[in-house]
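Notes follow the structure.
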Amino acid sequence: MSQTQAAVPPAVMAAERVLEVEDLHLSFRVRGSDRQAIHGVSFSIGRNESFGLVGESGCGKSTIALCAVRYLPRNARITEGSVRVAGRDLVTMSMPELRRMRSSAVSMVYQNAGAALNPSIRIGEQVAEVFRVGGASGSEATDRARGMLEKVRISDPGRVMHRFPHQLSGGMQQRVIIAMALAPNPQLLILDEPTTALDATVEAEVLDLIAALRREYGTTLLFISHNLGVVTRMCERVGVLYAGQLVEEGDTGTVFDDPRHPYTVGLLRCVPKWGSRKDAGLLDSIPGLPPPVGATTDHCVYADRCALAIDKCRQEYPPLFDVGPGHTSRCFRHEVARDLPRASAASLPGTGQVVASNGHALIELGNVSKTFRQEGQQIQGLVDVSLRIAPGEALGLVGESGSGKSTLAKVLLGLLEPDSGAQLEYQGKNLPVKVGGRGQEQIRAIQIVFQNPGASLNRRHSIRRIVGRAVTKLLGLIGRQREQRLIELARSVRLDRSVLDSRPEQLSGGLKQRVAIARAFAGDPRVVVCDEPTSALDVSVQAAILNLLVDLQRSKGVSYLFISHDLGVVRYLADRIAVLYLGRLLEVGDAETVFGGPHHPYTEALLSAAPILHGEPKTRIRLEGEVPSAANPPSGCVFHTRCPRFLGDICVNQEPPLAESEPGHLIRCHIPIDELRRLQRVGQPPAAQESPEGPAAAKA
Amino acid sequence: MSAVAVPIEAPDEGVQQRKTARRERYRQLLRSPTFIVGAFLVAIWVICAIGYTHLAPSDPFATEPLRRLRAPSSQHLFGTDRLGRDVLSRVITGARVILVVAPLATLIGTVAGTALGLVTGYFGGIVDDSLMRLVDAFLALPLVILGLLFLVALGPSTIAVILVIGIVFTPIIARTVRAAVLAERGQEYMQAAKLRQERAPYIMFVELLPNVLPSILVEFTVRLGYAIFAIVTLTFLGFGIQPPSPDWGLSIFDHYAFISGGFWWPVLFPALAIATLVVGVNLASDAISQAFER
């Protein structure tokens, strides 16, 4: 991408190297035997450069990051190679030198900001400490801490400094961590999944901030992420890690547009392309599993999962091939990598979806409100939400955390009792609000797939028992019939029968989620709630699970209430979309209508915040500030405090109705739809083409 | 893999052949020096308790009025007591008493405590509040005083001691189990069970119990140490096991008045026996709790 190179001309890269990792080998000592985790990784980062490391969990991303500060677990040992920061080798450095190095030259930002801050020390104190370590006096340190908090765009630093970490939101905590990391003005800043725990809107803000600060301070970045979209946005160069080896490296644009390693090709295909839909075809996936940590091979480490592998790949260890300027790939077949055959069928055989849009709704939720009481406060979890789900339809539910998505799902499931006045209907008949009061047929019809398959499967039960119990309980089958049904279910979620005899702890995350899906489908449900079913999984596994869900929807005619924070995933899977904010429905409509626009300003902001791997240029709208407290929601339109298209008094004083602006498309906004259409078309300013590090100033 | 022909997915991603976490724990336990020392001490007394008839050099009940309070010698390694009984034989035989009474009492407390903890933890709300306040009140009284009160009411006997220790332990164990249940209650597999309309007993005993079992096991071993101590204390106060049992606490009770006369052996050896057993049980339980509680 030409835009990414604009910031740093290639000549600079060669000039001075801030981080040089050379032939790094590292192993963990586990019960007397060494398990090699990093197998000869080499890369370097030039001054002012931003380098991304991507890869799935367990590939060694974080271990490499920890090597760059030599802050390794006790059982880890660097067996070969060197790690040089600003020309000095960390591997052989003495402890006092290392400490000086860490306090001045290298800083690190971790994924979980909440755990990185000391919960019992005030923010101001913690930030000031960094300066005090650097030799500043008490009051000077406090002043500089205040300045630093201003730099990370914390609006009222004086007030924030007196707070404790738990009083700040996740986004604010991460800003404080970034402030602390930048305080000594380090040469190298390591960011280990800095935004993974944040909402997309907050993530976008934090990424903008990092980009802006980086330009201001000229800091060099090592950016670690599993999210390819985020890396595209933040990094000029990228390295793809697989099983402790760097399999491909090059300019971000080149690597992602013209990948030359089958693993990179596979990874990119697993992510739904922005705007792609299930109707257009299934996602590709990567077969098999990465090798366990400690496995060593004398041939290509990816050969077992590679559809392009030839005999040579299984016999020899591939060297790094130069495949372009500054672009290397560790693959014998780099020339044909792009022709990697699909691992999964391109499309499903059979008919398209059967959505009966007219006729009876399968599920009808009417005027659902839910008020939580907490310490005398009333917190509105849901306010007057009405939704219907048609048979065979996937309804996507989006919104930031705390918007009421899961609350709505729990109300539908009967796990949470809504306020009185709510009406739930299943197939035109009243659906009792408590799960205990529901009939056998209703119980069978409404099931769920949870986010975390580790917690949703009882770890002390075998898979046979977990799924079998659901079969017995929901269908009343026992003995041979039960066993038959079990095998049938296993087949429909593409699980081998042998899995039935194992326990959850023996299965990978993807397999566990398949078991959870099998359990949900045990009684032939009519609607399945999917609460972030893929967010705990790696990209390649996510693709397979999404394909499975699409397949089941088609073959069984089941409906979904699909909750996800990943808009690309929702767009791929959902037929209709409902957008929630502070427990209110802001927009409902067909997926293409809602995403295609004109849409509610909040939807617009959500779309603009989504990190996108490949696809359209976007308007860059940033939501400022935090989601207001649900205990004390804003007057009028609840979104007016953050709305990028704020009109004036009418928004503050009057709550807009959820009006049908087009057939089947409801928007809760004072701005008429034609005006929204005009604004949002005009609203794609030239700023959209600006470099990805573009300033947050491009607010429309 | 001939890719395109495969229907949607390869049938299986393959079961990961990892060693299960549980096997890992047992291995860790068996390697821990703390556990080895603890188990060794306990094992000695268990062997004594089982094979006392063969191990004891003489009859622990045979009195010899002429050989009263003899100092340790080659004939009586631990000396004789005030009735001329062989102290070594009585110490060996005494292991049987304590190793039956203490585990039984602890078992009663564990079973009752587990049931109580499951119920209060699972149902929560008013059931939990009222039962737990009762437990609080119960726990405010010192254990020995409580035990004494019960024993006075029931009359001192071995059965009574077992019952009393069991009753006293019930609320303590119930608390631990309840805490473990509360941690599990938020897990999604519990919601999945509710969505199948499982009944409360099924959820408590089939879904929850296996998951809180490690905590219960740890609590059992910890309480076992306390039980030995409590039984010895009650017996020493004269409210526990009654003569002529060779119980260690009883032996100390019978002879502590003689210490001032220089007759230390009938007190010292049973006391050492108590100490080694309690230390052994505690070491083992420490190691177990380290291995099982992450």
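Ordered as shown in the structure tokens, chains take letters A, B, and onward, while each chain numbers its residues from 1 and ligands are numbered from 1 in the order shown.
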
Please identify which residues in region 204-368 of chain A DSSP calls alpha helix (DSSP H) from the backbone, and express them as a ChimeraX atom specification. /A:204-217,228-234,252-257,262-270,311-315

Give me the residues of chain A that have any atom at most 8 Å from an atom of chain B; for each, the nearest atom pair and the distance in Å, rounded to one decimal. Use only C-alpha atoms, sort by chain and number, and format it as JSON lines.
```
{"residue": "A:Pro287", "atom": "CA", "partner": "B:Ala10", "partner_atom": "CA", "distance": 6.8}
{"residue": "A:Gly288", "atom": "CA", "partner": "B:Glu13", "partner_atom": "CA", "distance": 5.2}
{"residue": "A:Leu289", "atom": "CA", "partner": "B:Glu13", "partner_atom": "CA", "distance": 6.6}
{"residue": "A:Ala307", "atom": "CA", "partner": "B:Met1", "partner_atom": "CA", "distance": 6.3}
{"residue": "A:Pro341", "atom": "CA", "partner": "B:Ala3", "partner_atom": "CA", "distance": 6.4}
{"residue": "A:Arg342", "atom": "CA", "partner": "B:Ala3", "partner_atom": "CA", "distance": 5.9}
{"residue": "A:Ala343", "atom": "CA", "partner": "B:Ala3", "partner_atom": "CA", "distance": 4.7}
{"residue": "A:Ser344", "atom": "CA", "partner": "B:Ile8", "partner_atom": "CA", "distance": 4.8}
{"residue": "A:Ala345", "atom": "CA", "partner": "B:Ile8", "partner_atom": "CA", "distance": 5.1}
{"residue": "A:Ala346", "atom": "CA", "partner": "B:Val4", "partner_atom": "CA", "distance": 7.8}
{"residue": "A:Leu348", "atom": "CA", "partner": "B:Ile8", "partner_atom": "CA", "distance": 7.8}
{"residue": "A:Leu413", "atom": "CA", "partner": "B:Leu195", "partner_atom": "CA", "distance": 7.4}
{"residue": "A:Leu415", "atom": "CA", "partner": "B:Gln191", "partner_atom": "CA", "distance": 7.6}
{"residue": "A:Val435", "atom": "CA", "partner": "B:Leu195", "partner_atom": "CA", "distance": 6.7}
{"residue": "A:Gly436", "atom": "CA", "partner": "B:Gln197", "partner_atom": "CA", "distance": 6.3}
{"residue": "A:Ile443", "atom": "CA", "partner": "B:Arg196", "partner_atom": "CA", "distance": 6.7}
{"residue": "A:Arg444", "atom": "CA", "partner": "B:Arg196", "partner_atom": "CA", "distance": 7.8}
{"residue": "A:Gln447", "atom": "CA", "partner": "B:Leu195", "partner_atom": "CA", "distance": 7.1}
{"residue": "A:Ile448", "atom": "CA", "partner": "B:Ala192", "partner_atom": "CA", "distance": 7.7}
{"residue": "A:Phe450", "atom": "CA", "partner": "B:Glu188", "partner_atom": "CA", "distance": 7.2}
{"residue": "A:Ala455", "atom": "CA", "partner": "B:Glu188", "partner_atom": "CA", "distance": 5.5}
{"residue": "A:Ser456", "atom": "CA", "partner": "B:Tyr189", "partner_atom": "CA", "distance": 4.1}
{"residue": "A:Leu457", "atom": "CA", "partner": "B:Tyr189", "partner_atom": "CA", "distance": 5.3}
{"residue": "A:Asn458", "atom": "CA", "partner": "B:Tyr189", "partner_atom": "CA", "distance": 5.7}
{"residue": "A:Arg459", "atom": "CA", "partner": "B:Asn211", "partner_atom": "CA", "distance": 7.6}
{"residue": "A:Arg460", "atom": "CA", "partner": "B:Pro210", "partner_atom": "CA", "distance": 6.2}
{"residue": "A:Ala470", "atom": "CA", "partner": "B:Arg196", "partner_atom": "CA", "distance": 6.9}
{"residue": "A:Lys473", "atom": "CA", "partner": "B:Arg196", "partner_atom": "CA", "distance": 6.6}
{"residue": "A:Leu474", "atom": "CA", "partner": "B:Arg196", "partner_atom": "CA", "distance": 6.8}
{"residue": "A:Arg491", "atom": "CA", "partner": "B:Pro11", "partner_atom": "CA", "distance": 7.9}
{"residue": "A:Arg494", "atom": "CA", "partner": "B:Pro11", "partner_atom": "CA", "distance": 4.9}
{"residue": "A:Leu495", "atom": "CA", "partner": "B:Asp12", "partner_atom": "CA", "distance": 5.2}
{"residue": "A:Asp496", "atom": "CA", "partner": "B:Asp12", "partner_atom": "CA", "distance": 5.4}
{"residue": "A:Val499", "atom": "CA", "partner": "B:Val15", "partner_atom": "CA", "distance": 6.8}
{"residue": "A:Glu505", "atom": "CA", "partner": "B:Thr20", "partner_atom": "CA", "distance": 7.0}
{"residue": "A:Gln506", "atom": "CA", "partner": "B:Gln16", "partner_atom": "CA", "distance": 5.9}
{"residue": "A:Leu507", "atom": "CA", "partner": "B:Val15", "partner_atom": "CA", "distance": 5.8}
{"residue": "A:Ser508", "atom": "CA", "partner": "B:Gln16", "partner_atom": "CA", "distance": 6.7}
{"residue": "A:Leu511", "atom": "CA", "partner": "B:Glu13", "partner_atom": "CA", "distance": 7.2}
{"residue": "A:Ala544", "atom": "CA", "partner": "B:Glu9", "partner_atom": "CA", "distance": 7.2}
{"residue": "A:Asn547", "atom": "CA", "partner": "B:Ile8", "partner_atom": "CA", "distance": 7.5}
{"residue": "A:Leu548", "atom": "CA", "partner": "B:Ile8", "partner_atom": "CA", "distance": 7.9}
```

Atoms kept (N, CA and C atoms) for selection, written as a short mmCIF file (atom, residue, chain, number, x, y, z; two decimals), in the first residue's frame:
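Listed below is the output, out-v4.cif:
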```cif
data_model
loop_
_atom_site.label_atom_id
_atom_site.label_comp_id
_atom_site.auth_asym_id
_atom_site.auth_seq_id
_atom_site.Cartn_x
_atom_site.Cartn_y
_atom_site.Cartn_z
N PRO A 287 -6.83 -26.48 7.34
CA PRO A 287 -7.05 -27.78 7.99
C PRO A 287 -5.99 -28.05 9.04
N GLY A 288 -6.31 -28.93 9.97
CA GLY A 288 -5.31 -29.37 10.94
C GLY A 288 -5.03 -28.37 12.04
N LEU A 289 -4.03 -28.68 12.82
CA LEU A 289 -3.66 -27.86 13.97
C LEU A 289 -2.18 -27.53 13.89
N ALA A 307 -1.66 -27.56 1.47
CA ALA A 307 -2.19 -28.28 0.31
C ALA A 307 -1.23 -28.23 -0.86
N PRO A 341 -5.03 -24.31 -3.14
CA PRO A 341 -6.42 -24.74 -3.30
C PRO A 341 -7.20 -24.53 -2.01
N ARG A 342 -8.47 -24.34 -2.16
CA ARG A 342 -9.29 -24.14 -0.97
C ARG A 342 -9.34 -25.41 -0.13
N ALA A 343 -9.36 -25.23 1.17
CA ALA A 343 -9.47 -26.38 2.05
C ALA A 343 -10.92 -26.73 2.28
N SER A 344 -11.80 -25.79 2.04
CA SER A 344 -13.22 -26.07 2.22
C SER A 344 -13.94 -25.71 0.93
N ALA A 345 -15.08 -26.31 0.74
CA ALA A 345 -15.85 -26.06 -0.47
C ALA A 345 -16.17 -24.58 -0.59
N ALA A 346 -16.22 -24.09 -1.82
CA ALA A 346 -16.44 -22.67 -2.02
C ALA A 346 -17.87 -22.29 -1.68
N LEU A 348 -22.02 -23.94 -0.62
CA LEU A 348 -22.80 -25.09 -0.20
C LEU A 348 -23.66 -25.59 -1.34
N LEU A 413 -33.74 -16.40 26.36
CA LEU A 413 -33.50 -17.76 26.84
C LEU A 413 -34.28 -18.08 28.10
N LEU A 415 -33.33 -16.94 31.05
CA LEU A 415 -32.40 -16.96 32.18
C LEU A 415 -32.47 -15.68 32.99
N VAL A 435 -37.36 -19.70 32.40
CA VAL A 435 -37.06 -20.94 31.70
C VAL A 435 -37.78 -22.11 32.35
N GLY A 436 -37.98 -22.02 33.69
CA GLY A 436 -38.63 -23.10 34.40
C GLY A 436 -40.09 -23.27 34.01
N ILE A 443 -38.51 -25.35 25.27
CA ILE A 443 -37.15 -25.56 25.76
C ILE A 443 -36.27 -26.09 24.64
N ARG A 444 -36.81 -27.08 23.93
CA ARG A 444 -36.06 -27.66 22.83
C ARG A 444 -35.75 -26.64 21.75
N GLN A 447 -32.11 -22.59 22.18
CA GLN A 447 -30.86 -23.02 22.81
C GLN A 447 -29.75 -22.01 22.54
N ILE A 448 -28.58 -22.26 23.11
CA ILE A 448 -27.51 -21.26 23.02
C ILE A 448 -26.14 -21.90 22.77
N PHE A 450 -22.40 -20.65 23.74
CA PHE A 450 -21.77 -19.59 24.52
C PHE A 450 -20.44 -19.14 23.89
N ALA A 455 -15.77 -22.79 29.40
CA ALA A 455 -16.64 -22.64 30.57
C ALA A 455 -18.02 -23.23 30.33
N SER A 456 -18.40 -23.40 29.07
CA SER A 456 -19.76 -23.85 28.85
C SER A 456 -19.87 -25.38 28.83
N LEU A 457 -18.73 -26.06 28.78
CA LEU A 457 -18.76 -27.52 28.88
C LEU A 457 -18.24 -27.91 30.26
N ASN A 458 -18.97 -28.77 30.93
CA ASN A 458 -18.53 -29.21 32.25
C ASN A 458 -17.24 -30.01 32.11
N ARG A 459 -16.16 -29.50 32.73
CA ARG A 459 -14.84 -30.08 32.47
C ARG A 459 -14.68 -31.47 33.09
N ARG A 460 -15.62 -31.85 33.95
CA ARG A 460 -15.52 -33.17 34.58
C ARG A 460 -16.33 -34.23 33.85
N ALA A 470 -28.04 -33.85 26.94
CA ALA A 470 -28.96 -32.95 26.24
C ALA A 470 -29.93 -33.77 25.37
N LYS A 473 -32.42 -35.42 27.75
CA LYS A 473 -33.29 -34.47 28.43
C LYS A 473 -34.26 -33.79 27.45
N LEU A 474 -33.75 -33.49 26.26
CA LEU A 474 -34.58 -32.73 25.32
C LEU A 474 -35.44 -33.63 24.44
N ARG A 491 -21.61 -36.06 13.52
CA ARG A 491 -21.36 -35.93 12.09
C ARG A 491 -21.79 -34.56 11.59
N ARG A 494 -19.30 -32.08 12.16
CA ARG A 494 -18.01 -32.53 11.62
C ARG A 494 -17.02 -32.89 12.72
N LEU A 495 -17.50 -33.66 13.66
CA LEU A 495 -16.62 -34.16 14.70
C LEU A 495 -16.44 -35.66 14.49
N ASP A 496 -15.22 -36.11 14.74
CA ASP A 496 -14.98 -37.54 14.67
C ASP A 496 -15.65 -38.22 15.86
N VAL A 499 -14.11 -38.38 19.37
CA VAL A 499 -14.15 -37.23 20.26
C VAL A 499 -15.15 -37.46 21.40
N GLU A 505 -10.97 -31.01 28.35
CA GLU A 505 -9.60 -30.53 28.47
C GLU A 505 -8.67 -31.14 27.42
N GLN A 506 -9.11 -32.23 26.80
CA GLN A 506 -8.27 -32.86 25.79
C GLN A 506 -8.49 -32.26 24.41
N LEU A 507 -9.46 -31.37 24.28
CA LEU A 507 -9.81 -30.84 22.96
C LEU A 507 -9.31 -29.41 22.79
N SER A 508 -9.07 -29.04 21.54
CA SER A 508 -8.71 -27.66 21.24
C SER A 508 -9.96 -26.79 21.31
N LEU A 511 -12.59 -27.46 18.59
CA LEU A 511 -13.33 -28.70 18.78
C LEU A 511 -14.35 -28.55 19.90
N ALA A 544 -13.85 -21.87 10.25
CA ALA A 544 -14.49 -23.18 10.20
C ALA A 544 -15.80 -23.18 10.98
N ASN A 547 -18.46 -21.30 9.02
CA ASN A 547 -18.94 -22.14 7.93
C ASN A 547 -19.95 -23.16 8.45
N LEU A 548 -19.62 -23.73 9.62
CA LEU A 548 -20.50 -24.73 10.20
C LEU A 548 -21.86 -24.12 10.54
#
```

Find the spatial neighbours of region 239-256 of chain A, counting only C-alpha atoms, within a cut-off of 9 Å - ignore same-chain residues fewer than 5 positions away - and output them as a ChimeraX atom specification. /A:1-2,4-5,25,36-43,51-56,58-61,228,231-232,261,263-265,268,290-293,295,301-302,320,324-331,613-614

List every residue of region 466-602 of chain A that DSSP, applied to the backbone of this structure, assigns to strand (DSSP E), and report them as a list of chain:residue names.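 Of region 466-602 of chain A, the ones in strand (DSSP E) are A:Val527, A:Val528, A:Val529, A:Cys530, A:Asp531, A:Ser559, A:Tyr560, A:Leu561, A:Phe562, A:Ile563, A:Arg576, A:Ile577, A:Ala578, A:Val579, A:Leu580, A:Tyr581, A:Arg584, A:Leu585, A:Leu586, A:Glu587, A:Val588, A:Gly589, A:Asp590.
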
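Reported to one decimal place, the separation of CA of Val449 (chain A) from CA of Ala516 (chain A) is 6.1 Å.
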
Near Pro156 (chain B), counting only C-alpha atoms, which residues have an atom at most 10 Å away, once you skip same-chain residues fewer than 3 positions from it, shown as a PyMOL selection string? chain B and resi 148+150-153+159-161+234-235+238-242

Written file, previous selection with N, CA and C atoms, as a PDB file, in the first residue's frame:
```pdb
ATOM      1  N   LEU B 148     -17.083 -29.894  74.173  1.00  0.00           N
ATOM      2  CA  LEU B 148     -17.347 -30.265  75.567  1.00  0.00           C
ATOM      3  C   LEU B 148     -18.832 -30.219  75.863  1.00  0.00           C
ATOM      4  N   PHE B 150     -21.341 -30.555  73.826  1.00  0.00           N
ATOM      5  CA  PHE B 150     -22.021 -31.690  73.210  1.00  0.00           C
ATOM      6  C   PHE B 150     -21.744 -32.973  73.983  1.00  0.00           C
ATOM      7  N   LEU B 151     -20.472 -33.163  74.387  1.00  0.00           N
ATOM      8  CA  LEU B 151     -20.101 -34.414  75.058  1.00  0.00           C
ATOM      9  C   LEU B 151     -20.769 -34.545  76.409  1.00  0.00           C
ATOM     10  N   VAL B 152     -20.923 -33.425  77.075  1.00  0.00           N
ATOM     11  CA  VAL B 152     -21.607 -33.464  78.362  1.00  0.00           C
ATOM     12  C   VAL B 152     -23.045 -33.910  78.143  1.00  0.00           C
ATOM     13  N   ALA B 153     -23.650 -33.393  77.069  1.00  0.00           N
ATOM     14  CA  ALA B 153     -25.037 -33.746  76.779  1.00  0.00           C
ATOM     15  C   ALA B 153     -25.165 -35.202  76.368  1.00  0.00           C
ATOM     16  N   ILE B 159     -18.124 -43.245  70.288  1.00  0.00           N
ATOM     17  CA  ILE B 159     -19.122 -42.863  69.278  1.00  0.00           C
ATOM     18  C   ILE B 159     -19.473 -41.392  69.421  1.00  0.00           C
ATOM     19  N   ALA B 160     -19.638 -40.964  70.666  1.00  0.00           N
ATOM     20  CA  ALA B 160     -20.008 -39.571  70.912  1.00  0.00           C
ATOM     21  C   ALA B 160     -18.922 -38.638  70.393  1.00  0.00           C
ATOM     22  N   VAL B 161     -17.652 -39.032  70.613  1.00  0.00           N
ATOM     23  CA  VAL B 161     -16.557 -38.183  70.137  1.00  0.00           C
ATOM     24  C   VAL B 161     -16.617 -38.049  68.617  1.00  0.00           C
ATOM     25  N   LEU B 234      -9.945 -33.461  73.712  1.00  0.00           N
ATOM     26  CA  LEU B 234     -11.156 -33.837  74.444  1.00  0.00           C
ATOM     27  C   LEU B 234     -10.864 -35.011  75.375  1.00  0.00           C
ATOM     28  N   THR B 235     -10.092 -35.965  74.880  1.00  0.00           N
ATOM     29  CA  THR B 235      -9.761 -37.126  75.692  1.00  0.00           C
ATOM     30  C   THR B 235      -8.915 -36.721  76.893  1.00  0.00           C
ATOM     31  N   GLY B 238     -10.719 -35.609  79.594  1.00  0.00           N
ATOM     32  CA  GLY B 238     -11.506 -36.626  80.257  1.00  0.00           C
ATOM     33  C   GLY B 238     -12.882 -36.829  79.675  1.00  0.00           C
ATOM     34  N   PHE B 239     -13.189 -36.132  78.579  1.00  0.00           N
ATOM     35  CA  PHE B 239     -14.525 -36.249  78.017  1.00  0.00           C
ATOM     36  C   PHE B 239     -14.570 -37.116  76.771  1.00  0.00           C
ATOM     37  N   GLY B 240     -13.431 -37.643  76.383  1.00  0.00           N
ATOM     38  CA  GLY B 240     -13.400 -38.349  75.116  1.00  0.00           C
ATOM     39  C   GLY B 240     -13.419 -39.843  75.306  1.00  0.00           C
ATOM     40  N   ILE B 241     -12.430 -40.482  74.730  1.00  0.00           N
ATOM     41  CA  ILE B 241     -12.335 -41.934  74.773  1.00  0.00           C
ATOM     42  C   ILE B 241     -12.023 -42.372  76.204  1.00  0.00           C
ATOM     43  N   GLN B 242     -12.671 -43.451  76.607  1.00  0.00           N
ATOM     44  CA  GLN B 242     -12.585 -43.849  78.018  1.00  0.00           C
ATOM     45  C   GLN B 242     -11.625 -45.022  78.208  1.00  0.00           C
TER      46      GLN B 242
END
```

Figure out the distance between CA of Ile252 (chain B) and CA of Phe236 (chain B), please, to one decimal in Å. 6.8 Å
